[in-house]
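Right, one structure below, let's go through it.
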Amino acid sequence: LLINGGQILFEIEDNGVGFVYKDRNADQENLGIFGMHERINSLGGDFSIESNLDSGTRIKAVIPVQQHNI
């Protein structure tokens with residue numbers, strides 16, 4: 001978790017089993033991921049997931065600081 005250049009950056013990664021992540025359009029099948037996208041987007045931020053079977057998962061969120069007076 002970092003605050004840098006007017007942005008909050010949250011990134012978490014593991015080396016677990018991973019999963020097949022299709023794309024954002026498929027998120028409605030997984031309400032947890034869909035909810036994360038919606039919350040970050042409502043704050044004017046960007047949200048991404050990278051995951052592959054047998055190679056872990058990386059979740060990244062970037063949110064602008066100025067907009068939220070942090």
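In the structure tokens, chains take letters A, B, ... by order of appearance, with residues numbered from 1 within each chain and ligands from 1 in the order shown.
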Tell me, which residues of chain A carry DSSP alpha helix (DSSP H), written as a compact mmCIF listing (two decimals) with N, CA, C and O atoms, in the first residue's frame?
# COMPACT_ATOMS: atom_id res chain seq x y z
N LEU A 31 -19.50 -12.17 -7.89
CA LEU A 31 -19.93 -10.91 -7.28
C LEU A 31 -18.84 -10.24 -6.45
O LEU A 31 -18.80 -9.03 -6.33
N GLY A 32 -17.91 -11.01 -5.90
CA GLY A 32 -16.82 -10.42 -5.13
C GLY A 32 -15.93 -9.56 -6.00
O GLY A 32 -15.62 -8.41 -5.67
N ILE A 33 -15.51 -10.09 -7.14
CA ILE A 33 -14.68 -9.34 -8.07
C ILE A 33 -15.47 -8.18 -8.67
O ILE A 33 -14.96 -7.06 -8.79
N PHE A 34 -16.70 -8.42 -9.02
CA PHE A 34 -17.56 -7.37 -9.56
C PHE A 34 -17.67 -6.22 -8.55
O PHE A 34 -17.55 -5.04 -8.91
N GLY A 35 -17.87 -6.54 -7.27
CA GLY A 35 -17.98 -5.52 -6.23
C GLY A 35 -16.70 -4.71 -6.08
O GLY A 35 -16.74 -3.49 -5.89
N MET A 36 -15.54 -5.38 -6.16
CA MET A 36 -14.27 -4.65 -6.08
C MET A 36 -14.14 -3.67 -7.24
O MET A 36 -13.77 -2.51 -7.04
N HIS A 37 -14.45 -4.12 -8.45
CA HIS A 37 -14.41 -3.23 -9.61
C HIS A 37 -15.32 -2.03 -9.40
O HIS A 37 -14.91 -0.88 -9.62
N GLU A 38 -16.53 -2.27 -8.99
CA GLU A 38 -17.50 -1.19 -8.83
C GLU A 38 -17.06 -0.18 -7.77
O GLU A 38 -17.20 1.02 -7.96
N ARG A 39 -16.56 -0.64 -6.64
CA ARG A 39 -16.12 0.27 -5.58
C ARG A 39 -14.95 1.14 -6.02
O ARG A 39 -14.94 2.35 -5.80
N ILE A 40 -13.96 0.53 -6.65
CA ILE A 40 -12.80 1.29 -7.11
C ILE A 40 -13.20 2.27 -8.21
O ILE A 40 -12.78 3.44 -8.20
N ASN A 41 -14.03 1.85 -9.14
CA ASN A 41 -14.50 2.75 -10.20
C ASN A 41 -15.29 3.92 -9.64
O ASN A 41 -15.19 5.03 -10.14
N SER A 42 -16.08 3.69 -8.60
CA SER A 42 -16.87 4.77 -8.01
C SER A 42 -15.98 5.84 -7.37
O SER A 42 -16.41 6.97 -7.18
I'd like the neighbourhood of A:Val62 as an mmCIF file with all heavy atoms, in the first residue's frame, where a residue qualifies if any of its atoms comes within 10 Å (using only C-alpha atoms), though same-chain residues fewer than 6 positions away should be ignored.
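Ended up saving to around_32.cif:
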data_model
loop_
_atom_site.group_PDB
_atom_site.id
_atom_site.type_symbol
_atom_site.label_atom_id
_atom_site.label_comp_id
_atom_site.auth_asym_id
_atom_site.auth_seq_id
_atom_site.Cartn_x
_atom_site.Cartn_y
_atom_site.Cartn_z
ATOM 1 N N LEU A 1 0.857 -1.167 0.000
ATOM 2 C CA LEU A 1 0.000 0.000 0.000
ATOM 3 C C LEU A 1 0.895 1.219 0.000
ATOM 4 O O LEU A 1 1.751 1.359 0.882
ATOM 5 C CB LEU A 1 -0.919 -0.025 1.220
ATOM 6 C CG LEU A 1 -1.866 1.157 1.381
ATOM 7 C CD1 LEU A 1 -2.846 1.211 0.227
ATOM 8 C CD2 LEU A 1 -2.604 1.030 2.695
ATOM 9 N N LEU A 2 0.745 2.098 -0.984
ATOM 10 C CA LEU A 2 1.549 3.307 -1.119
ATOM 11 C C LEU A 2 0.670 4.493 -1.451
ATOM 12 O O LEU A 2 -0.360 4.344 -2.119
ATOM 13 C CB LEU A 2 2.569 3.159 -2.252
ATOM 14 C CG LEU A 2 3.611 2.062 -2.155
ATOM 15 C CD1 LEU A 2 4.347 1.940 -3.480
ATOM 16 C CD2 LEU A 2 4.580 2.359 -1.042
ATOM 17 N N ILE A 3 1.087 5.663 -1.007
ATOM 18 C CA ILE A 3 0.515 6.914 -1.490
ATOM 19 C C ILE A 3 1.650 7.623 -2.204
ATOM 20 O O ILE A 3 2.671 7.945 -1.601
ATOM 21 C CB ILE A 3 -0.052 7.774 -0.353
ATOM 22 C CG1 ILE A 3 -1.184 7.030 0.341
ATOM 23 C CG2 ILE A 3 -0.533 9.116 -0.901
ATOM 24 C CD1 ILE A 3 -1.755 7.759 1.533
ATOM 25 N N GLN A 7 -1.761 9.495 -5.806
ATOM 26 C CA GLN A 7 -2.555 8.278 -5.951
ATOM 27 C C GLN A 7 -2.288 7.319 -4.801
ATOM 28 O O GLN A 7 -1.190 7.274 -4.255
ATOM 29 C CB GLN A 7 -2.193 7.547 -7.246
ATOM 30 C CG GLN A 7 -2.496 8.308 -8.492
ATOM 31 C CD GLN A 7 -2.120 7.520 -9.722
ATOM 32 O OE1 GLN A 7 -1.161 6.754 -9.724
ATOM 33 N NE2 GLN A 7 -2.872 7.707 -10.798
ATOM 34 N N ILE A 8 -3.313 6.572 -4.461
ATOM 35 C CA ILE A 8 -3.162 5.447 -3.548
ATOM 36 C C ILE A 8 -2.995 4.212 -4.427
ATOM 37 O O ILE A 8 -3.803 3.974 -5.329
ATOM 38 C CB ILE A 8 -4.390 5.268 -2.649
ATOM 39 C CG1 ILE A 8 -4.569 6.480 -1.753
ATOM 40 C CG2 ILE A 8 -4.275 3.985 -1.826
ATOM 41 C CD1 ILE A 8 -5.873 6.476 -0.987
ATOM 42 N N LEU A 9 -1.943 3.451 -4.165
ATOM 43 C CA LEU A 9 -1.697 2.218 -4.904
ATOM 44 C C LEU A 9 -1.774 1.058 -3.930
ATOM 45 O O LEU A 9 -1.051 1.022 -2.939
ATOM 46 C CB LEU A 9 -0.321 2.237 -5.564
ATOM 47 C CG LEU A 9 0.168 0.911 -6.148
ATOM 48 C CD1 LEU A 9 -0.729 0.452 -7.288
ATOM 49 C CD2 LEU A 9 1.601 1.031 -6.609
ATOM 50 N N PHE A 10 -2.673 0.141 -4.203
ATOM 51 C CA PHE A 10 -2.811 -1.084 -3.410
ATOM 52 C C PHE A 10 -2.540 -2.245 -4.345
ATOM 53 O O PHE A 10 -3.171 -2.369 -5.398
ATOM 54 C CB PHE A 10 -4.223 -1.201 -2.825
ATOM 55 C CG PHE A 10 -4.474 -2.505 -2.139
ATOM 56 C CD1 PHE A 10 -4.036 -2.711 -0.848
ATOM 57 C CD2 PHE A 10 -5.128 -3.533 -2.793
ATOM 58 C CE1 PHE A 10 -4.261 -3.926 -0.209
ATOM 59 C CE2 PHE A 10 -5.353 -4.742 -2.168
ATOM 60 C CZ PHE A 10 -4.916 -4.933 -0.875
ATOM 61 N N GLU A 11 -1.581 -3.079 -3.965
ATOM 62 C CA GLU A 11 -1.264 -4.232 -4.799
ATOM 63 C C GLU A 11 -0.984 -5.418 -3.888
ATOM 64 O O GLU A 11 -0.267 -5.298 -2.896
ATOM 65 C CB GLU A 11 -0.050 -3.945 -5.668
ATOM 66 C CG GLU A 11 0.211 -4.972 -6.726
ATOM 67 C CD GLU A 11 1.250 -4.497 -7.729
ATOM 68 O OE1 GLU A 11 1.945 -3.499 -7.479
ATOM 69 O OE2 GLU A 11 1.353 -5.148 -8.769
ATOM 70 N N ILE A 40 -13.962 0.531 -6.649
ATOM 71 C CA ILE A 40 -12.797 1.293 -7.109
ATOM 72 C C ILE A 40 -13.199 2.274 -8.206
ATOM 73 O O ILE A 40 -12.780 3.440 -8.205
ATOM 74 C CB ILE A 40 -11.674 0.347 -7.602
ATOM 75 C CG1 ILE A 40 -11.193 -0.557 -6.475
ATOM 76 C CG2 ILE A 40 -10.530 1.147 -8.210
ATOM 77 C CD1 ILE A 40 -10.652 0.136 -5.262
ATOM 78 N N ASN A 41 -14.030 1.851 -9.136
ATOM 79 C CA ASN A 41 -14.496 2.749 -10.203
ATOM 80 C C ASN A 41 -15.295 3.915 -9.644
ATOM 81 O O ASN A 41 -15.190 5.031 -10.144
ATOM 82 C CB ASN A 41 -15.322 1.986 -11.236
ATOM 83 C CG ASN A 41 -14.473 1.090 -12.106
ATOM 84 O OD1 ASN A 41 -13.265 1.283 -12.222
ATOM 85 N ND2 ASN A 41 -15.082 0.097 -12.716
ATOM 86 N N LEU A 43 -14.736 5.479 -7.047
ATOM 87 C CA LEU A 43 -13.774 6.424 -6.481
ATOM 88 C C LEU A 43 -12.893 7.057 -7.559
ATOM 89 O O LEU A 43 -11.949 7.780 -7.258
ATOM 90 C CB LEU A 43 -12.890 5.712 -5.452
ATOM 91 C CG LEU A 43 -13.615 5.170 -4.221
ATOM 92 C CD1 LEU A 43 -12.680 4.291 -3.400
ATOM 93 C CD2 LEU A 43 -14.167 6.314 -3.381
ATOM 94 N N GLY A 44 -13.196 6.772 -8.819
ATOM 95 C CA GLY A 44 -12.418 7.320 -9.929
ATOM 96 C C GLY A 44 -11.117 6.583 -10.178
ATOM 97 O O GLY A 44 -10.213 7.105 -10.815
ATOM 98 N N GLY A 45 -11.017 5.362 -9.668
ATOM 99 C CA GLY A 45 -9.780 4.599 -9.780
ATOM 100 C C GLY A 45 -9.819 3.521 -10.833
ATOM 101 O O GLY A 45 -10.790 3.369 -11.567
ATOM 102 N N ASP A 46 -8.734 2.768 -10.869
ATOM 103 C CA ASP A 46 -8.588 1.647 -11.793
ATOM 104 C C ASP A 46 -8.326 0.377 -10.994
ATOM 105 O O ASP A 46 -7.631 0.405 -9.981
ATOM 106 C CB ASP A 46 -7.416 1.872 -12.749
ATOM 107 C CG ASP A 46 -7.666 3.019 -13.698
ATOM 108 O OD1 ASP A 46 -8.743 3.044 -14.328
ATOM 109 O OD2 ASP A 46 -6.787 3.895 -13.808
ATOM 110 N N PHE A 47 -8.855 -0.728 -11.476
ATOM 111 C CA PHE A 47 -8.743 -2.012 -10.803
ATOM 112 C C PHE A 47 -8.349 -3.058 -11.830
ATOM 113 O O PHE A 47 -8.905 -3.087 -12.935
ATOM 114 C CB PHE A 47 -10.095 -2.367 -10.180
ATOM 115 C CG PHE A 47 -10.110 -3.682 -9.471
ATOM 116 C CD1 PHE A 47 -9.667 -3.774 -8.164
ATOM 117 C CD2 PHE A 47 -10.574 -4.825 -10.098
ATOM 118 C CE1 PHE A 47 -9.685 -4.999 -7.500
ATOM 119 C CE2 PHE A 47 -10.601 -6.040 -9.445
ATOM 120 C CZ PHE A 47 -10.150 -6.123 -8.143
ATOM 121 N N SER A 48 -7.388 -3.905 -11.483
ATOM 122 C CA SER A 48 -7.004 -4.962 -12.425
ATOM 123 C C SER A 48 -6.671 -6.246 -11.675
ATOM 124 O O SER A 48 -6.268 -6.224 -10.515
ATOM 125 C CB SER A 48 -5.804 -4.530 -13.272
ATOM 126 O OG SER A 48 -4.664 -4.325 -12.466
#
With DSSP run on the backbone, what are the strand (DSSP E or B) residues within chain A? I'd like them as a PyMOL selection string. chain A and resi 2-4+7-14+46-51+57-64
I'd like to know which of A:Ile49, A:Asn30, A:Asn4, A:Asp14 is closest to A:Ala61, using only C-alpha atoms.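 Once distances to A:Ala61 are computed over only C-alpha atoms, the minimum belongs to A:Ile49.
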If I take atom CA of A:Asn15 and atom CA of A:Asp54, how far is one from the other in Å, to one decimal?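 Computing the Euclidean distance for atom CA of A:Asn15 and atom CA of A:Asp54 yields 8.0 Å.
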